[in-house]
$ cat final01.cif   # mmCIF, C-alpha atoms
data_start
#
loop_
_atom_site.group_PDB
_atom_site.id
_atom_site.type_symbol
_atom_site.label_atom_id
_atom_site.label_comp_id
_atom_site.auth_asym_id
_atom_site.auth_seq_id
_atom_site.Cartn_x
_atom_site.Cartn_y
_atom_site.Cartn_z
ATOM 1 C CA MET A 1 10.727 -5.724 18.300
ATOM 2 C CA ARG A 2 9.632 -6.205 14.713
ATOM 3 C CA TYR A 3 6.563 -4.404 13.369
ATOM 4 C CA GLY A 4 4.424 -7.562 13.303
ATOM 5 C CA ALA A 5 5.238 -8.335 16.920
ATOM 6 C CA ARG A 6 4.472 -4.731 17.966
ATOM 7 C CA LEU A 7 1.156 -4.849 16.108
ATOM 8 C CA ALA A 8 0.242 -8.156 17.759
ATOM 9 C CA ALA A 9 1.107 -6.758 21.203
ATOM 10 C CA ALA A 10 -0.985 -3.636 20.545
ATOM 11 C CA ASN A 11 -3.929 -5.743 19.361
ATOM 12 C CA GLU A 12 -3.677 -7.931 22.459
ATOM 13 C CA ALA A 13 -3.618 -4.892 24.764
ATOM 14 C CA LEU A 14 -6.256 -2.837 22.960
ATOM 15 C CA GLY A 15 -8.438 -5.545 21.442
ATOM 16 C CA PRO A 16 -10.926 -5.848 24.322
ATOM 17 C CA ARG A 17 -11.217 -2.050 24.574
ATOM 18 C CA LEU A 18 -11.802 -1.630 20.840
ATOM 19 C CA LYS A 19 -14.670 -4.116 20.988
ATOM 20 C CA GLN A 20 -16.512 -1.878 23.431
ATOM 21 C CA ALA A 21 -18.644 0.789 21.838
ATOM 22 C CA ALA A 22 -17.957 4.342 22.934
ATOM 23 C CA LEU A 23 -21.126 6.111 23.989
ATOM 24 C CA TRP A 24 -21.993 9.791 23.755
ATOM 25 C CA SER A 25 -22.573 9.688 27.495
ATOM 26 C CA ASP A 26 -18.870 8.813 27.921
ATOM 27 C CA MET A 27 -17.848 12.194 26.517
ATOM 28 C CA ALA A 28 -18.342 14.172 29.745
ATOM 29 C CA TRP A 29 -16.306 11.617 31.687
ATOM 30 C CA LEU A 30 -13.540 11.675 29.065
ATOM 31 C CA LYS A 31 -13.477 15.464 28.820
ATOM 32 C CA GLU A 32 -13.257 15.827 32.603
ATOM 33 C CA ARG A 33 -10.335 13.416 32.892
ATOM 34 C CA TRP A 34 -8.538 14.721 29.830
ATOM 35 C CA GLY A 35 -8.660 18.365 30.857
ATOM 36 C CA GLY A 36 -7.716 19.647 27.413
ATOM 37 C CA PRO A 37 -9.572 20.297 24.187
ATOM 38 C CA LEU A 38 -11.544 17.252 23.101
ATOM 39 C CA VAL A 39 -11.586 16.451 19.385
ATOM 40 C CA VAL A 40 -13.986 13.722 18.255
ATOM 41 C CA LYS A 41 -12.982 11.786 15.128
ATOM 42 C CA GLY A 42 -15.241 9.643 12.999
ATOM 43 C CA ILE A 43 -18.136 12.022 12.459
ATOM 44 C CA ALA A 44 -19.941 11.211 9.217
ATOM 45 C CA THR A 45 -23.456 12.618 9.712
ATOM 46 C CA PRO A 46 -24.972 15.951 10.750
ATOM 47 C CA ALA A 47 -26.791 14.178 13.603
ATOM 48 C CA ASP A 48 -23.517 12.894 15.043
ATOM 49 C CA ALA A 49 -21.980 16.347 14.611
ATOM 50 C CA ARG A 50 -24.775 17.839 16.732
ATOM 51 C CA ARG A 51 -24.316 15.057 19.314
ATOM 52 C CA ALA A 52 -20.598 15.871 19.467
ATOM 53 C CA VAL A 53 -21.390 19.539 20.144
ATOM 54 C CA ASP A 54 -24.045 18.655 22.735
ATOM 55 C CA SER A 55 -21.609 16.246 24.407
ATOM 56 C CA GLY A 56 -18.928 18.893 24.883
ATOM 57 C CA ALA A 57 -16.564 18.334 21.953
ATOM 58 C CA ASP A 58 -14.295 21.286 21.194
ATOM 59 C CA ALA A 59 -13.778 20.188 17.577
ATOM 60 C CA LEU A 60 -14.664 17.271 15.361
ATOM 61 C CA VAL A 61 -13.081 15.373 12.520
ATOM 62 C CA VAL A 62 -15.215 14.344 9.573
ATOM 63 C CA SER A 63 -13.851 10.877 8.872
ATOM 64 C CA ASN A 64 -14.976 7.474 7.742
ATOM 65 C CA HIS A 65 -11.703 5.937 8.999
ATOM 66 C CA GLY A 66 -10.705 5.203 5.422
ATOM 67 C CA GLY A 67 -13.907 3.228 4.980
ATOM 68 C CA LEU A 68 -12.504 0.605 7.375
ATOM 69 C CA ALA A 69 -15.236 0.952 9.995
ATOM 70 C CA LEU A 70 -18.068 0.203 7.589
ATOM 71 C CA ASP A 71 -17.629 -0.913 4.014
ATOM 72 C CA GLY A 72 -19.451 1.566 1.819
ATOM 73 C CA ALA A 73 -19.405 4.416 4.344
ATOM 74 C CA PRO A 74 -19.965 7.804 2.687
ATOM 75 C CA ALA A 75 -16.934 9.668 1.417
ATOM 76 C CA THR A 76 -15.917 12.636 3.553
ATOM 77 C CA LEU A 77 -16.152 15.517 1.066
ATOM 78 C CA PRO A 78 -19.809 14.980 0.071
ATOM 79 C CA VAL A 79 -20.938 15.019 3.729
ATOM 80 C CA LEU A 80 -18.635 17.814 4.911
ATOM 81 C CA GLN A 81 -20.817 20.853 4.197
ATOM 82 C CA SER A 82 -23.892 19.354 5.873
ATOM 83 C CA ILE A 83 -21.796 18.659 8.976
ATOM 84 C CA VAL A 84 -20.335 22.177 8.981
ATOM 85 C CA ASP A 85 -23.885 23.539 8.679
ATOM 86 C CA ALA A 86 -25.058 21.295 11.535
ATOM 87 C CA VAL A 87 -22.529 22.714 14.020
ATOM 88 C CA ALA A 88 -23.223 26.277 12.847
ATOM 89 C CA GLY A 89 -19.803 27.588 13.858
ATOM 90 C CA GLY A 90 -20.102 26.218 17.388
ATOM 91 C CA ILE A 91 -16.913 24.168 17.071
ATOM 92 C CA GLU A 92 -14.146 23.708 14.533
ATOM 93 C CA VAL A 93 -14.535 21.044 11.863
ATOM 94 C CA TYR A 94 -11.557 19.222 10.369
ATOM 95 C CA LEU A 95 -11.532 16.766 7.473
ATOM 96 C CA ASP A 96 -9.703 13.452 7.409
ATOM 97 C CA GLY A 97 -9.825 11.338 4.314
ATOM 98 C CA GLY A 98 -10.047 11.887 0.603
ATOM 99 C CA VAL A 99 -7.208 14.431 0.527
ATOM 100 C CA ARG A 100 -4.796 13.329 -2.147
ATOM 101 C CA GLN A 101 -3.801 16.579 -3.818
ATOM 102 C CA GLY A 102 -3.916 20.335 -3.390
ATOM 103 C CA SER A 103 -7.296 20.746 -5.039
ATOM 104 C CA ASP A 104 -8.780 18.387 -2.427
ATOM 105 C CA VAL A 105 -7.464 20.723 0.278
ATOM 106 C CA LEU A 106 -9.195 23.649 -1.441
ATOM 107 C CA ARG A 107 -12.472 21.731 -1.764
ATOM 108 C CA ALA A 108 -12.467 20.889 1.944
ATOM 109 C CA LEU A 109 -11.639 24.449 3.005
ATOM 110 C CA ALA A 110 -14.242 25.888 0.612
ATOM 111 C CA LEU A 111 -16.887 23.598 2.118
ATOM 112 C CA GLY A 112 -16.105 24.821 5.620
ATOM 113 C CA ALA A 113 -13.327 22.656 7.042
ATOM 114 C CA ARG A 114 -10.953 24.603 9.261
ATOM 115 C CA ALA A 115 -8.092 22.247 8.367
ATOM 116 C CA VAL A 116 -7.439 18.951 6.617
ATOM 117 C CA MET A 117 -5.449 15.917 7.649
ATOM 118 C CA ILE A 118 -3.281 14.183 5.119
ATOM 119 C CA GLY A 119 -1.903 10.668 4.951
ATOM 120 C CA PRO A 120 0.767 10.578 2.233
ATOM 121 C CA GLU A 121 3.419 11.798 4.642
ATOM 122 C CA LEU A 122 3.498 8.381 6.331
ATOM 123 C CA LEU A 123 4.429 6.556 3.152
ATOM 124 C CA SER A 124 6.869 9.300 2.184
ATOM 125 C CA LEU A 125 8.533 8.964 5.606
ATOM 126 C CA ALA A 126 8.902 5.223 5.126
ATOM 127 C CA VAL A 127 10.285 5.617 1.612
ATOM 128 C CA GLY A 128 12.325 8.817 1.833
ATOM 129 C CA GLY A 129 12.747 9.697 5.487
ATOM 130 C CA VAL A 130 12.483 13.347 6.476
ATOM 131 C CA ALA A 131 13.407 14.438 2.945
ATOM 132 C CA GLY A 132 10.499 12.367 1.600
ATOM 133 C CA VAL A 133 8.036 14.072 3.945
ATOM 134 C CA GLU A 134 9.414 17.504 3.057
ATOM 135 C CA HIS A 135 9.033 16.664 -0.642
ATOM 136 C CA VAL A 136 5.415 15.553 -0.279
ATOM 137 C CA LEU A 137 4.480 18.596 1.810
ATOM 138 C CA GLU A 138 6.167 20.955 -0.666
ATOM 139 C CA MET A 139 4.408 19.231 -3.553
ATOM 140 C CA LEU A 140 1.050 19.588 -1.775
ATOM 141 C CA ARG A 141 1.730 23.268 -1.009
ATOM 142 C CA HIS A 142 2.609 23.863 -4.679
ATOM 143 C CA GLN A 143 -0.618 22.129 -5.782
ATOM 144 C CA VAL A 144 -2.629 24.331 -3.397
ATOM 145 C CA ASP A 145 -0.975 27.439 -4.868
ATOM 146 C CA ILE A 146 -1.754 26.314 -8.423
ATOM 147 C CA ALA A 147 -5.358 25.446 -7.540
ATOM 148 C CA LEU A 148 -5.812 28.855 -5.896
ATOM 149 C CA ALA A 149 -4.523 30.540 -9.054
ATOM 150 C CA MET A 150 -6.802 28.405 -11.239
ATOM 151 C CA VAL A 151 -9.916 29.525 -9.329
ATOM 152 C CA GLY A 152 -8.747 33.127 -9.074
ATOM 153 C CA ALA A 153 -8.367 33.233 -5.298
ATOM 154 C CA GLN A 154 -5.523 34.998 -3.524
ATOM 155 C CA SER A 155 -5.740 32.902 -0.373
ATOM 156 C CA THR A 156 -7.606 29.963 1.110
ATOM 157 C CA ARG A 157 -9.469 32.550 3.221
ATOM 158 C CA ASP A 158 -11.142 33.720 -0.010
ATOM 159 C CA LEU A 159 -12.805 30.342 -0.594
ATOM 160 C CA ASP A 160 -16.411 29.414 0.027
ATOM 161 C CA ALA A 161 -18.798 26.761 -1.274
ATOM 162 C CA SER A 162 -19.296 28.659 -4.544
ATOM 163 C CA PHE A 163 -15.854 27.395 -5.619
ATOM 164 C CA VAL A 164 -16.920 23.721 -5.657
ATOM 165 C CA ARG A 165 -19.874 21.542 -6.512
ATOM 166 C CA ALA A 166 -22.236 21.227 -3.589
ATOM 167 C CA PRO A 167 -22.835 17.786 -2.037
ATOM 168 C CA ARG A 168 -26.350 17.656 -3.552
ATOM 169 C CA GLU A 169 -24.831 18.034 -6.990
ATOM 170 C CA TRP A 170 -22.310 15.257 -6.224
ATOM 171 C CA ALA A 171 -25.183 12.949 -5.327
ATOM 172 C CA ILE A 172 -27.036 13.822 -8.540
ATOM 173 C CA ALA A 173 -23.893 13.307 -10.613
ATOM 174 C CA ALA A 174 -23.200 9.994 -8.895
ATOM 175 C CA SER A 175 -26.739 8.748 -9.533
ATOM 176 C CA GLY A 176 -26.621 9.754 -13.186
ATOM 177 C CA SER A 177 -30.042 11.421 -12.858
ATOM 178 C CA TYR A 178 -30.372 15.149 -13.512
ATOM 179 C CA SER A 179 -34.161 15.367 -13.641
#
$ encode --input "final01.cif" --output "C-alpha cells"
Amino acid sequence: MRYGARLAAANEALGPRLKQAALWSDMAWLKERWGGPLVVKGIATPADARRAVDSGADALVVSNHGGLALDGAPATLPVLQSIVDAVAGGIEVYLDGGVRQGSDVLRALALGARAVMIGPELLSLAVGGVAGVEHVLEMLRHQVDIALAMVGAQSTRDLDASFVRAPREWAIAASGSYS
C-alpha cells in the first residue's frame, strides 16, 4: 500500500476519534486500562502540567505538536521552566519540539527537562537509512559535547537554569522592551 493510501486509511479509522476532545477525567480510565506508566504529551502551560499530575500522569511532554494544534502556540523552550516548576519534581518532564542542535538539548536540560525528543532522525532515515540516523545522532552528540565545553560543564548533570536565559528574559527580548 502506498503512503497516501495508508494515510487515508488511518485518517478514516482515526478521524472520528481525533475529533473527540480528551478530558482530564479520562486519565484515570486510561491509566487503569493501560497498566503501565502514563506519559501525557501536549502540555504547554503550568496549569495543564498540574492537571496532568493530579490526574495520575507518570510523566509529561512539553509540546505544542509542532504548532499544528493551534497556530501561534507558544514555543516549548520558553514555557519549559514554568512547567518544571509547576510539577515540583512530582513527575518527569520531557521536551518535544524546538530541538534542532546540541545547544538546544543543553538549554532544555538546563531548564529542567529530564530528556528531549528529536525529529531529524525521521528525515535522516528516509534519506540515508540506518547510516543516516547514525550520522545525525553522532552529529547531535558531538554538538552537545562542544556546547558543554563552551559553557564549561563536564556533564549535562552539571547544568541548571543559570546556563541559559530564563523564559522571562526571552519574553522581554521578544517584545523589544527592556524597561
$ resolve_selection --input "final01.cif" --expression "the PyMOL selection byres ((chain A and resi 159) around 12)" --output "ChimeraX atom specification"
/A:103,105-114,147-149,151-158,160-164
$ write_last_selection --input "final01.cif" --atoms "C-alpha atoms" --output "mmCIF file, in the coordinates of the input"
data_model
loop_
_atom_site.group_PDB
_atom_site.id
_atom_site.type_symbol
_atom_site.label_atom_id
_atom_site.label_comp_id
_atom_site.auth_asym_id
_atom_site.auth_seq_id
_atom_site.Cartn_x
_atom_site.Cartn_y
_atom_site.Cartn_z
ATOM 1 C CA SER A 103 -7.296 20.746 -5.039
ATOM 2 C CA VAL A 105 -7.464 20.723 0.278
ATOM 3 C CA LEU A 106 -9.195 23.649 -1.441
ATOM 4 C CA ARG A 107 -12.472 21.731 -1.764
ATOM 5 C CA ALA A 108 -12.467 20.889 1.944
ATOM 6 C CA LEU A 109 -11.639 24.449 3.005
ATOM 7 C CA ALA A 110 -14.242 25.888 0.612
ATOM 8 C CA LEU A 111 -16.887 23.598 2.118
ATOM 9 C CA GLY A 112 -16.105 24.821 5.620
ATOM 10 C CA ALA A 113 -13.327 22.656 7.042
ATOM 11 C CA ARG A 114 -10.953 24.603 9.261
ATOM 12 C CA ALA A 147 -5.358 25.446 -7.540
ATOM 13 C CA LEU A 148 -5.812 28.855 -5.896
ATOM 14 C CA ALA A 149 -4.523 30.540 -9.054
ATOM 15 C CA VAL A 151 -9.916 29.525 -9.329
ATOM 16 C CA GLY A 152 -8.747 33.127 -9.074
ATOM 17 C CA ALA A 153 -8.367 33.233 -5.298
ATOM 18 C CA GLN A 154 -5.523 34.998 -3.524
ATOM 19 C CA SER A 155 -5.740 32.902 -0.373
ATOM 20 C CA THR A 156 -7.606 29.963 1.110
ATOM 21 C CA ARG A 157 -9.469 32.550 3.221
ATOM 22 C CA ASP A 158 -11.142 33.720 -0.010
ATOM 23 C CA ASP A 160 -16.411 29.414 0.027
ATOM 24 C CA ALA A 161 -18.798 26.761 -1.274
ATOM 25 C CA SER A 162 -19.296 28.659 -4.544
ATOM 26 C CA PHE A 163 -15.854 27.395 -5.619
ATOM 27 C CA VAL A 164 -16.920 23.721 -5.657
#
$ closest_residue --input "final01.cif" --among "A:Leu80, A:Ala73, A:Val62, A:Met139" --to "Met117 in chain A" --atoms "all atoms listed in the file"
A:Val62
$ atom_distance --input "final01.cif" --atom1 "CA of Leu60 in chain A" --atom2 "CA of Lys31 in chain A"
13.6 Å
$ closest_residue --input "final01.cif" --among "A:Ser124, A:Ala88, A:Ala57, A:Ser25" --to "Val40 in chain A" --atoms "all atoms listed in the file"
A:Ala57
$ atom_distance --input "final01.cif" --atom1 "CA of Ala52 in chain A" --atom2 "CA of Arg100 in chain A"
26.9 Å
$ atom_distance --input "final01.cif" --atom1 "CA of Gln143 in chain A" --atom2 "CA of Leu122 in chain A"
18.8 Å
$ resolve_selection --input "final01.cif" --expression "the PyMOL selection byres ((chain A and resi 97) around 8)" --output "PyMOL selection string"
chain A and resi 63-66+75-76+95-96+98-99+117-119
$ residues_around --input "final01.cif" --residues "Ala49 in chain A" --least-positions-apart "4" --cutoff "12 Å" --atoms "only C-alpha atoms" --output "PyMOL selection string"
chain A and resi 24+39-45+53-63+79-94
$ residues_around --input "final01.cif" --residues "Leu140 in chain A" --least-positions-apart "3" --cutoff "9 Å" --atoms "all atoms listed in the file" --output "list of chain:residue names"
A:Arg100, A:Gln101, A:Gly102, A:Val105, A:His135, A:Val136, A:Leu137, A:Gln143, A:Val144, A:Asp145
$ closest_residue --input "final01.cif" --among "A:Arg33, A:Pro78, A:Val116, A:Val130" --to "Pro46 in chain A" --atoms "all atoms listed in the file"
A:Pro78
$ decode --input "final01.cif" --residues "range 54-161 of chain A" --atoms "C-alpha atoms" --output "compact mmCIF listing (two decimals), in the first residue's frame"
# COMPACT_ATOMS: atom_id res chain seq x y z
CA ASP A 54 -3.44 15.50 39.64
CA SER A 55 -4.87 13.14 37.00
CA GLY A 56 -2.24 10.47 37.60
CA ALA A 57 0.32 11.07 34.85
CA ASP A 58 3.72 9.50 35.50
CA ALA A 59 5.49 11.93 33.16
CA LEU A 60 4.60 14.68 30.75
CA VAL A 61 5.89 16.01 27.46
CA VAL A 62 6.06 19.75 26.93
CA SER A 63 4.93 20.01 23.32
CA ASN A 64 2.94 22.25 21.04
CA HIS A 65 2.71 19.45 18.44
CA GLY A 66 4.92 21.46 16.12
CA GLY A 67 2.45 24.33 16.33
CA LEU A 68 -0.04 22.20 14.37
CA ALA A 69 -2.71 22.11 17.07
CA LEU A 70 -3.01 25.88 17.33
CA ASP A 71 -1.31 28.34 15.04
CA GLY A 72 0.77 30.65 17.20
CA ALA A 73 1.04 28.26 20.15
CA PRO A 74 3.96 29.14 22.45
CA ALA A 75 7.33 27.63 21.68
CA THR A 76 8.37 24.84 24.03
CA LEU A 77 11.62 26.20 25.48
CA PRO A 78 10.20 29.48 26.84
CA VAL A 79 7.44 27.63 28.75
CA LEU A 80 9.55 24.69 29.91
CA GLN A 81 10.90 26.07 33.19
CA SER A 82 7.49 27.25 34.40
CA ILE A 83 6.11 23.76 33.72
CA VAL A 84 9.02 22.08 35.52
CA ASP A 85 8.42 24.42 38.47
CA ALA A 86 4.68 23.63 38.42
CA VAL A 87 5.22 19.87 38.87
CA ALA A 88 7.89 20.47 41.54
CA GLY A 89 9.68 17.18 40.90
CA GLY A 90 6.50 15.15 41.23
CA ILE A 91 6.87 13.62 37.76
CA GLU A 92 9.44 13.65 34.98
CA VAL A 93 9.21 16.34 32.32
CA TYR A 94 10.36 15.75 28.74
CA LEU A 95 10.61 18.28 25.92
CA ASP A 96 9.39 17.74 22.37
CA GLY A 97 9.91 20.45 19.82
CA GLY A 98 12.44 23.12 19.11
CA VAL A 99 15.42 20.76 19.36
CA ARG A 100 17.50 21.25 16.26
CA GLN A 101 21.05 21.13 17.55
CA GLY A 102 23.12 20.16 20.57
CA SER A 103 22.83 23.53 22.26
CA ASP A 104 19.03 23.14 22.23
CA VAL A 105 19.45 19.87 24.13
CA LEU A 106 21.56 21.68 26.73
CA ARG A 107 19.02 24.50 27.06
CA ALA A 108 16.20 22.03 27.68
CA LEU A 109 18.19 20.01 30.22
CA ALA A 110 19.37 23.18 31.98
CA LEU A 111 15.76 24.35 32.29
CA GLY A 112 14.73 21.09 33.94
CA ALA A 113 13.77 18.63 31.21
CA ARG A 114 14.74 15.07 32.05
CA ALA A 115 15.13 14.24 28.35
CA VAL A 116 14.42 15.69 24.92
CA MET A 117 12.79 14.22 21.86
CA ILE A 118 14.26 14.89 18.47
CA GLY A 119 12.77 14.78 15.00
CA PRO A 120 15.63 14.93 12.49
CA GLU A 121 16.15 11.18 12.69
CA LEU A 122 12.98 10.60 10.66
CA LEU A 123 14.22 12.60 7.69
CA SER A 124 17.69 11.10 8.02
CA LEU A 125 16.14 7.61 7.96
CA ALA A 126 14.23 8.44 4.80
CA VAL A 127 17.29 9.92 3.12
CA GLY A 128 20.14 7.76 4.41
CA GLY A 129 18.64 4.70 6.06
CA VAL A 130 20.22 3.45 9.27
CA ALA A 131 23.52 5.13 8.37
CA GLY A 132 21.68 8.45 8.03
CA VAL A 133 20.17 8.11 11.51
CA GLU A 134 23.54 7.14 12.98
CA HIS A 135 25.11 10.19 11.33
CA VAL A 136 22.50 12.59 12.70
CA LEU A 137 22.71 11.14 16.21
CA GLU A 138 26.52 11.29 16.17
CA MET A 139 26.39 14.87 14.92
CA LEU A 140 23.96 15.81 17.71
CA ARG A 141 26.13 14.07 20.33
CA HIS A 142 29.19 15.97 19.03
CA GLN A 143 27.27 19.28 19.22
CA VAL A 144 26.26 18.50 22.82
CA ASP A 145 29.91 17.82 23.70
CA ILE A 146 31.03 21.10 22.11
CA ALA A 147 28.25 23.07 23.82
CA LEU A 148 29.19 21.54 27.18
CA ALA A 149 32.81 22.58 26.64
CA MET A 150 31.74 26.09 25.61
CA VAL A 151 29.83 26.61 28.88
CA GLY A 152 32.50 24.93 30.99
CA ALA A 153 30.41 21.97 32.12
CA GLN A 154 31.76 18.44 32.40
CA SER A 155 28.38 16.76 32.02
CA THR A 156 24.73 17.55 31.39
CA ARG A 157 24.20 16.79 35.10
CA ASP A 158 26.16 19.99 35.85
CA LEU A 159 23.61 22.19 34.08
CA ASP A 160 20.96 24.37 35.66
CA ALA A 161 18.97 27.43 34.61
